[in-house]
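Since the structure comes first, as structure tokens, the remarks are kept for the end.
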Amino acid sequence: NARSAVALVALGGVLLAGCSSSDDTSPDGTAADGSVATISEGMLTVCTNPPFEPFELEQDGEIVGLDMSLVGEVAADLDLELAPLATGFDGIESGAALNANQCDVVASGITITDERAANMDFSEAYFDADQGLLVTEGSDLSDVASLEGKKIAVQIATTGATWAEENGLEGVVFDDLGAQVQALQTGQVDAVVNDIAVLSPFITDGLEVAANFSTGEQYGFGVKKGNTALLTAIDDTLERLHSDGTYDELYTEWIGTAPAEG
Ligand code: ARG
């Protein structure tokens with residue numbers, strides 16, 4: 001009957017539209033109309049792994065933080081709505097989340113490494129990082145030598161886990177920073193190793209940061225390999241944020257101090 005014929009035509013239209021938009025996206029991520037193509041229309045979907053304050057944390061059911069503010073600026077420049085998605089860090093750092101089209105961007109305090117750069121394309125660096133050691137107050141653990149034979153909580157697939165391994169330390173692997181800290185508080189491990197900037201939020205909980213291991217890391221945002229349309233947009237936004245002062249403002253808001261010169 002006429003009604004179902006109309007419904008069928010409408011359905012066909014939807015299916016066609018769905019097909020043509022992805023077919024019209026060129027391999028470099030440019031849509032037919034010249035805009036940057038994304039996996040969900042009108043949205044910039046971003047994989048991230050909270051809790052990782054001040055870069056990504058859940059607040060009133062929303063994921064916020066320096067990473068989200070920065071990619072939020074990218075989304076705004078592209079006229080897209082920011083859609084953060086909490087996912088496992090292993091899938092984020094391996095490129096699996098990007099390759100499975102789970103998200104357009106990975107923004108998760110990710111250290112740029114050669115191995116990772118083989119599996120995704122990185123933006124310009126936006127933050128300098130080192131590893132740090134979190135212990136219970138009054139502990140005598142403070143350097144690599146003192147950590148020998150101790151149980152050290154590390155986060156899965158992170159540079160902190162690699163650091164512990166390279167230093168011959170026993171890393172106990174946890175899914176996220178929250179689980180690492182909980183293990184320290186319950187006496188399951190003797191110390192936590194993760195990026196130094198995310199340890200300071202715990203200083204007030206009977207815990208203290210006992211060492212800074214200078215690894216000279218730099219964070220970058222990642223996109224699927226070959227997605228130069230989105231990568232260029234991210235770098236353009238980062239450049240704007242540095243020149244118009246927004247980067248310094250957001251950095252100060254989330255980190256609590258102004259960024260170092262240079
Ligand atoms: N910077 C470290 C790395 O790349 C740790 C990042 C963990 N990020 C997170 N949101 N949990 O391995």
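Just remember, in the structure tokens the first chain shown is A, the second B, etc., residues are 1-based per chain, and ligands are 1-based in the order shown.
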Mind running chain A against ligand 1 at 10 Å and telling me each contacting residue's nearest atom pair with the distance in Å (one decimal), counting only C-alpha atoms and all ligand atoms, chain and number ascending, as CSV?
residue,atom,partner,partner_atom_place_in_ligand_line,distance
A:Cys47,CA,ligand 1,10 (N),9.4
A:Thr48,CA,ligand 1,10 (N),5.9
A:Asn49,CA,ligand 1,10 (N),4.1
A:Pro50,CA,ligand 1,10 (N),5.3
A:Pro51,CA,ligand 1,11 (N),6.6
A:Phe52,CA,ligand 1,10 (N),5.0
A:Glu53,CA,ligand 1,10 (N),8.3
A:Pro54,CA,ligand 1,10 (N),9.7
A:Phe55,CA,ligand 1,10 (N),7.1
A:Glu56,CA,ligand 1,10 (N),6.5
A:Leu57,CA,ligand 1,10 (N),8.9
A:Asp67,CA,ligand 1,10 (N),9.2
A:Ala86,CA,ligand 1,10 (N),9.3
A:Thr87,CA,ligand 1,10 (N),9.3
A:Gly88,CA,ligand 1,11 (N),8.2
A:Phe89,CA,ligand 1,11 (N),5.9
A:Asp90,CA,ligand 1,12 (O),9.1
A:Ile92,CA,ligand 1,8 (N),8.9
A:Glu93,CA,ligand 1,4 (O),7.1
A:Val106,CA,ligand 1,10 (N),9.6
A:Ala107,CA,ligand 1,10 (N),7.7
A:Ser108,CA,ligand 1,10 (N),4.0
A:Gly109,CA,ligand 1,8 (N),4.7
A:Ile110,CA,ligand 1,4 (O),3.6
A:Thr111,CA,ligand 1,4 (O),3.8
A:Ile112,CA,ligand 1,4 (O),7.0
A:Thr113,CA,ligand 1,4 (O),8.2
A:Arg116,CA,ligand 1,4 (O),9.3
A:Phe127,CA,ligand 1,1 (N),10.0
A:Asp128,CA,ligand 1,1 (N),9.6
A:Ala129,CA,ligand 1,1 (N),7.2
A:Asp130,CA,ligand 1,1 (N),8.3
A:Gln131,CA,ligand 1,1 (N),8.4
A:Val154,CA,ligand 1,5 (C),9.7
A:Gln155,CA,ligand 1,7 (C),7.3
A:Ile156,CA,ligand 1,12 (O),8.3
A:Ala157,CA,ligand 1,12 (O),6.3
A:Thr158,CA,ligand 1,12 (O),3.1
A:Thr159,CA,ligand 1,12 (O),3.9
A:Gly160,CA,ligand 1,12 (O),6.2
A:Ala161,CA,ligand 1,12 (O),7.8
A:Thr162,CA,ligand 1,12 (O),8.4
A:Trp163,CA,ligand 1,12 (O),9.7
A:Asp175,CA,ligand 1,11 (N),8.6
A:Asp176,CA,ligand 1,11 (N),6.0
A:Leu177,CA,ligand 1,11 (N),6.4
A:Gly178,CA,ligand 1,11 (N),9.3
A:Val193,CA,ligand 1,5 (C),9.9
A:Asn194,CA,ligand 1,5 (C),6.5
A:Asp195,CA,ligand 1,1 (N),5.9
A:Ile196,CA,ligand 1,1 (N),9.4
A:Ala197,CA,ligand 1,1 (N),9.7
A:Val198,CA,ligand 1,9 (C),9.1
A:Glu217,CA,ligand 1,1 (N),7.5
A:Gln218,CA,ligand 1,1 (N),7.8
A:Tyr219,CA,ligand 1,1 (N),6.7
A:Gly220,CA,ligand 1,4 (O),9.0
List every residue of region 65-137 of chain A that DSSP, applied to the backbone of this structure, assigns to strand (DSSP E or B), and report them as a ChimeraX atom specification.
-> /A:81-86,105-106,111,121-122,127-136
Pull all heavy atoms from the residues just selected and write them as a short mmCIF file (atom, residue, chain, number, x, y, z; two decimals), in the first residue's frame.
data_model
loop_
_atom_site.label_atom_id
_atom_site.label_comp_id
_atom_site.auth_asym_id
_atom_site.auth_seq_id
_atom_site.Cartn_x
_atom_site.Cartn_y
_atom_site.Cartn_z
N GLU A 81 30.10 19.17 17.90
CA GLU A 81 29.85 19.05 19.33
C GLU A 81 30.84 18.04 19.88
O GLU A 81 31.06 16.99 19.28
CB GLU A 81 28.42 18.55 19.52
CG GLU A 81 27.91 18.72 20.93
CD GLU A 81 26.60 17.97 21.12
OE1 GLU A 81 25.74 18.08 20.22
OE2 GLU A 81 26.47 17.29 22.15
N LEU A 82 31.45 18.36 21.02
CA LEU A 82 32.43 17.45 21.62
C LEU A 82 31.70 16.29 22.30
O LEU A 82 30.80 16.51 23.12
CB LEU A 82 33.29 18.20 22.64
CG LEU A 82 34.36 17.35 23.33
CD1 LEU A 82 35.47 16.99 22.35
CD2 LEU A 82 34.92 18.07 24.55
N ALA A 83 32.08 15.06 21.96
CA ALA A 83 31.48 13.89 22.58
C ALA A 83 32.56 12.99 23.18
O ALA A 83 33.11 12.12 22.51
CB ALA A 83 30.65 13.12 21.55
N PRO A 84 32.91 13.21 24.46
CA PRO A 84 33.94 12.39 25.11
C PRO A 84 33.41 10.99 25.41
O PRO A 84 32.24 10.83 25.76
CB PRO A 84 34.23 13.13 26.42
CG PRO A 84 33.56 14.45 26.31
CD PRO A 84 32.42 14.26 25.37
N LEU A 85 34.29 10.00 25.26
CA LEU A 85 33.91 8.61 25.48
C LEU A 85 34.99 7.97 26.34
O LEU A 85 36.16 7.96 25.96
CB LEU A 85 33.84 7.92 24.10
CG LEU A 85 33.35 6.49 24.03
CD1 LEU A 85 31.88 6.41 24.43
CD2 LEU A 85 33.53 5.96 22.61
N ALA A 86 34.59 7.46 27.52
CA ALA A 86 35.58 6.83 28.41
C ALA A 86 35.87 5.41 27.93
O ALA A 86 34.96 4.60 27.80
CB ALA A 86 35.05 6.81 29.84
N VAL A 105 39.26 11.01 17.68
CA VAL A 105 40.50 11.49 18.30
C VAL A 105 40.73 10.72 19.60
O VAL A 105 39.77 10.37 20.28
CB VAL A 105 40.37 13.00 18.68
CG1 VAL A 105 41.68 13.54 19.26
CG2 VAL A 105 39.94 13.84 17.50
N VAL A 106 42.00 10.48 19.95
CA VAL A 106 42.31 10.01 21.29
C VAL A 106 43.01 11.16 22.02
O VAL A 106 43.98 11.72 21.53
CB VAL A 106 43.15 8.71 21.31
CG1 VAL A 106 42.29 7.50 20.95
CG2 VAL A 106 44.35 8.77 20.36
N THR A 111 51.56 10.04 25.86
CA THR A 111 52.94 10.38 25.51
C THR A 111 53.21 9.96 24.07
O THR A 111 52.89 8.84 23.68
CB THR A 111 53.90 9.63 26.44
OG1 THR A 111 53.62 10.03 27.78
CG2 THR A 111 55.35 9.94 26.11
N ASP A 121 48.50 8.86 14.01
CA ASP A 121 49.21 10.10 13.73
C ASP A 121 49.00 11.06 14.89
O ASP A 121 47.88 11.22 15.38
CB ASP A 121 48.71 10.72 12.42
CG ASP A 121 49.20 9.94 11.21
OD1 ASP A 121 50.23 9.23 11.34
OD2 ASP A 121 48.57 10.03 10.14
N PHE A 122 50.09 11.68 15.34
CA PHE A 122 50.05 12.59 16.49
C PHE A 122 50.04 14.05 16.07
O PHE A 122 50.73 14.44 15.12
CB PHE A 122 51.26 12.35 17.39
CG PHE A 122 51.10 11.18 18.33
CD1 PHE A 122 51.83 10.02 18.14
CD2 PHE A 122 50.22 11.26 19.41
CE1 PHE A 122 51.69 8.94 19.01
CE2 PHE A 122 50.08 10.19 20.28
CZ PHE A 122 50.81 9.02 20.08
N PHE A 127 51.93 19.21 25.89
CA PHE A 127 52.21 19.21 27.34
C PHE A 127 53.48 18.41 27.61
O PHE A 127 53.69 17.36 27.01
CB PHE A 127 51.03 18.60 28.11
CG PHE A 127 51.09 18.82 29.60
CD1 PHE A 127 50.63 20.00 30.16
CD2 PHE A 127 51.65 17.85 30.45
CE1 PHE A 127 50.70 20.22 31.53
CE2 PHE A 127 51.73 18.06 31.83
CZ PHE A 127 51.25 19.26 32.36
N ASP A 128 54.33 18.91 28.54
CA ASP A 128 55.56 18.19 28.93
C ASP A 128 55.30 17.36 30.17
O ASP A 128 54.66 17.84 31.11
CB ASP A 128 56.68 19.19 29.24
CG ASP A 128 57.10 19.95 27.99
OD1 ASP A 128 56.96 19.39 26.88
OD2 ASP A 128 57.56 21.10 28.13
N ALA A 129 55.80 16.14 30.19
CA ALA A 129 55.51 15.25 31.31
C ALA A 129 56.73 14.45 31.76
O ALA A 129 57.66 14.21 30.98
CB ALA A 129 54.39 14.29 30.93
N ASP A 130 56.71 14.04 33.02
CA ASP A 130 57.71 13.14 33.60
C ASP A 130 56.97 12.11 34.41
O ASP A 130 55.78 12.26 34.67
CB ASP A 130 58.64 13.92 34.54
CG ASP A 130 59.62 14.79 33.79
OD1 ASP A 130 60.20 14.31 32.81
OD2 ASP A 130 59.81 15.96 34.18
N GLN A 131 57.66 11.08 34.86
CA GLN A 131 57.03 10.11 35.74
C GLN A 131 57.19 10.57 37.19
O GLN A 131 58.11 11.34 37.51
CB GLN A 131 57.67 8.72 35.55
CG GLN A 131 57.37 8.11 34.19
CD GLN A 131 55.87 7.98 33.94
OE1 GLN A 131 55.14 7.41 34.75
NE2 GLN A 131 55.40 8.53 32.82
N GLY A 132 56.31 10.11 38.05
CA GLY A 132 56.38 10.48 39.46
C GLY A 132 56.07 9.28 40.33
O GLY A 132 55.51 8.27 39.86
N LEU A 133 56.44 9.40 41.61
CA LEU A 133 56.25 8.31 42.56
C LEU A 133 55.32 8.77 43.67
O LEU A 133 55.58 9.76 44.36
CB LEU A 133 57.62 7.93 43.15
CG LEU A 133 57.65 6.71 44.07
CD1 LEU A 133 57.43 5.44 43.28
CD2 LEU A 133 58.99 6.66 44.82
N LEU A 134 54.21 8.04 43.85
CA LEU A 134 53.25 8.35 44.91
C LEU A 134 53.37 7.28 45.99
O LEU A 134 53.34 6.08 45.68
CB LEU A 134 51.84 8.37 44.32
CG LEU A 134 50.70 8.82 45.24
CD1 LEU A 134 50.77 10.33 45.49
CD2 LEU A 134 49.34 8.46 44.62
N VAL A 135 53.54 7.71 47.23
CA VAL A 135 53.70 6.76 48.36
C VAL A 135 52.81 7.22 49.51
O VAL A 135 52.27 8.32 49.49
CB VAL A 135 55.18 6.72 48.83
CG1 VAL A 135 56.09 6.21 47.72
CG2 VAL A 135 55.63 8.09 49.32
N THR A 136 52.68 6.37 50.54
CA THR A 136 51.95 6.82 51.72
C THR A 136 52.86 7.73 52.53
O THR A 136 54.08 7.55 52.55
CB THR A 136 51.51 5.62 52.59
OG1 THR A 136 52.62 4.75 52.76
CG2 THR A 136 50.39 4.85 51.93
#
Leu44 (chain A) surroundings by only C-alpha atoms, 9 Å radius, close-in-sequence under 2 positions cut, as a JSON list (two decimals) with N, CA, C and O atoms, in the first residue's frame:
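As written to disk, result.json reads:
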[["chain", "number", "residue", "atom", "x", "y", "z"],
["A", 38, "THR", "N", 33.63, 13.08, 10.28],
["A", 38, "THR", "CA", 33.75, 12.43, 11.60],
["A", 38, "THR", "C", 32.85, 11.20, 11.62],
["A", 38, "THR", "O", 31.95, 11.07, 10.79],
["A", 39, "ILE", "N", 33.08, 10.30, 12.58],
["A", 39, "ILE", "CA", 32.34, 9.04, 12.59],
["A", 39, "ILE", "C", 30.86, 9.24, 12.93],
["A", 39, "ILE", "O", 30.01, 8.48, 12.50],
["A", 40, "SER", "N", 30.54, 10.26, 13.71],
["A", 40, "SER", "CA", 29.15, 10.56, 14.04],
["A", 40, "SER", "C", 28.87, 11.98, 13.57],
["A", 40, "SER", "O", 29.56, 12.91, 14.00],
["A", 41, "GLU", "N", 27.87, 12.13, 12.71],
["A", 41, "GLU", "CA", 27.64, 13.43, 12.12],
["A", 41, "GLU", "C", 27.44, 14.54, 13.15],
["A", 41, "GLU", "O", 26.70, 14.37, 14.13],
["A", 42, "GLY", "N", 28.15, 15.64, 12.95],
["A", 42, "GLY", "CA", 27.98, 16.80, 13.83],
["A", 42, "GLY", "C", 28.73, 16.68, 15.14],
["A", 42, "GLY", "O", 28.68, 17.58, 15.98],
["A", 46, "VAL", "N", 35.64, 11.61, 21.09],
["A", 46, "VAL", "CA", 36.99, 11.58, 21.64],
["A", 46, "VAL", "C", 37.12, 10.48, 22.68],
["A", 46, "VAL", "O", 36.42, 10.48, 23.69],
["A", 71, "VAL", "N", 40.50, 19.76, 23.23],
["A", 71, "VAL", "CA", 39.80, 19.18, 22.06],
["A", 71, "VAL", "C", 38.42, 19.80, 21.88],
["A", 71, "VAL", "O", 37.88, 19.79, 20.78],
["A", 72, "GLY", "N", 37.88, 20.37, 22.97],
["A", 72, "GLY", "CA", 36.63, 21.11, 22.86],
["A", 72, "GLY", "C", 36.81, 22.33, 21.96],
["A", 72, "GLY", "O", 35.91, 22.69, 21.19],
["A", 74, "VAL", "N", 38.97, 22.42, 19.50],
["A", 74, "VAL", "CA", 39.05, 21.86, 18.14],
["A", 74, "VAL", "C", 37.64, 21.65, 17.60],
["A", 74, "VAL", "O", 37.32, 22.04, 16.47],
["A", 75, "ALA", "N", 36.79, 21.03, 18.43],
["A", 75, "ALA", "CA", 35.41, 20.77, 18.01],
["A", 75, "ALA", "C", 34.71, 22.08, 17.65],
["A", 75, "ALA", "O", 34.06, 22.18, 16.60],
["A", 78, "LEU", "N", 35.59, 23.47, 14.40],
["A", 78, "LEU", "CA", 35.05, 22.67, 13.29],
["A", 78, "LEU", "C", 33.52, 22.67, 13.28],
["A", 78, "LEU", "O", 32.90, 21.95, 12.50],
["A", 80, "LEU", "N", 31.58, 21.42, 15.52],
["A", 80, "LEU", "CA", 31.13, 20.10, 15.95],
["A", 80, "LEU", "C", 30.88, 20.14, 17.44],
["A", 80, "LEU", "O", 31.40, 21.00, 18.16],
["A", 81, "GLU", "N", 30.10, 19.17, 17.90],
["A", 81, "GLU", "CA", 29.85, 19.05, 19.33],
["A", 81, "GLU", "C", 30.84, 18.04, 19.88],
["A", 81, "GLU", "O", 31.06, 16.99, 19.28],
["A", 82, "LEU", "N", 31.45, 18.36, 21.02],
["A", 82, "LEU", "CA", 32.43, 17.45, 21.62],
["A", 82, "LEU", "C", 31.70, 16.29, 22.30],
["A", 82, "LEU", "O", 30.80, 16.51, 23.12],
["A", 83, "ALA", "N", 32.08, 15.06, 21.96],
["A", 83, "ALA", "CA", 31.48, 13.89, 22.58],
["A", 83, "ALA", "C", 32.56, 12.99, 23.18],
["A", 83, "ALA", "O", 33.11, 12.12, 22.51],
["A", 84, "PRO", "N", 32.91, 13.21, 24.46],
["A", 84, "PRO", "CA", 33.94, 12.39, 25.11],
["A", 84, "PRO", "C", 33.41, 10.99, 25.41],
["A", 84, "PRO", "O", 32.24, 10.83, 25.76],
["A", 103, "CYS", "N", 36.23, 6.25, 17.91],
["A", 103, "CYS", "CA", 36.36, 7.70, 18.11],
["A", 103, "CYS", "C", 37.18, 8.31, 16.99],
["A", 103, "CYS", "O", 37.90, 7.61, 16.28],
["A", 104, "ASP", "N", 37.05, 9.64, 16.87],
["A", 104, "ASP", "CA", 37.82, 10.38, 15.86],
["A", 104, "ASP", "C", 39.21, 10.74, 16.38],
["A", 104, "ASP", "O", 40.17, 10.82, 15.61],
["A", 105, "VAL", "N", 39.26, 11.01, 17.68],
["A", 105, "VAL", "CA", 40.50, 11.49, 18.30],
["A", 105, "VAL", "C", 40.73, 10.72, 19.60],
["A", 105, "VAL", "O", 39.77, 10.37, 20.28]]
Counting only C-alpha atoms, the option among A:Asp205, A:Asp28, A:Glu261, A:Asp248 closest to Gln182 (chain A) |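 For Gln182 (chain A), the nearest of the given residues is A:Asp205.
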Nearest to Ala183 (chain A) by atom-to-atom distance, counting only C-alpha atoms, from A:Asp60, A:Lys151, A:Leu241, A:Ala229 =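 Between A:Asp60, A:Lys151, A:Leu241, A:Ala229, the residue approaching Ala183 (chain A) most closely is A:Lys151.
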Two-atom distance - CA of Pro201 (chain A), CA of Gly245 (chain A) (Å) |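 Pair CA of Pro201 (chain A) / CA of Gly245 (chain A) returns 25.4 Å.
Going from CA of Ser35 (chain A) to CA of Ala233 (chain A) covers 10.2 Å.
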Please, which residues of region 39-168 of chain A, numbered as in this document, come out alpha helix (DSSP H) from DSSP, as a VMD selection string?
-> chain A and resid 66 to 77 89 to 94 96 to 99 114 to 117 159 to 166
Which is closer to Gly206 (chain A) than all the others in A:Thr237, A:Thr228, A:Thr246, A:Ser139, using only C-alpha atoms?
->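 Ranked by minimum distance to Gly206 (chain A), first place goes to A:Ser139.
Across the model, the gap from CA of Ala118 (chain A) to CA of Val36 (chain A) is 22.6 Å.
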Would you please work out which residue, of A:Glu165, A:Leu230, A:Thr204, A:Ser146, is nearest to Ala31 (chain A) when using only C-alpha atoms?
->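 For Ala31 (chain A), the nearest of the candidates is A:Leu230.
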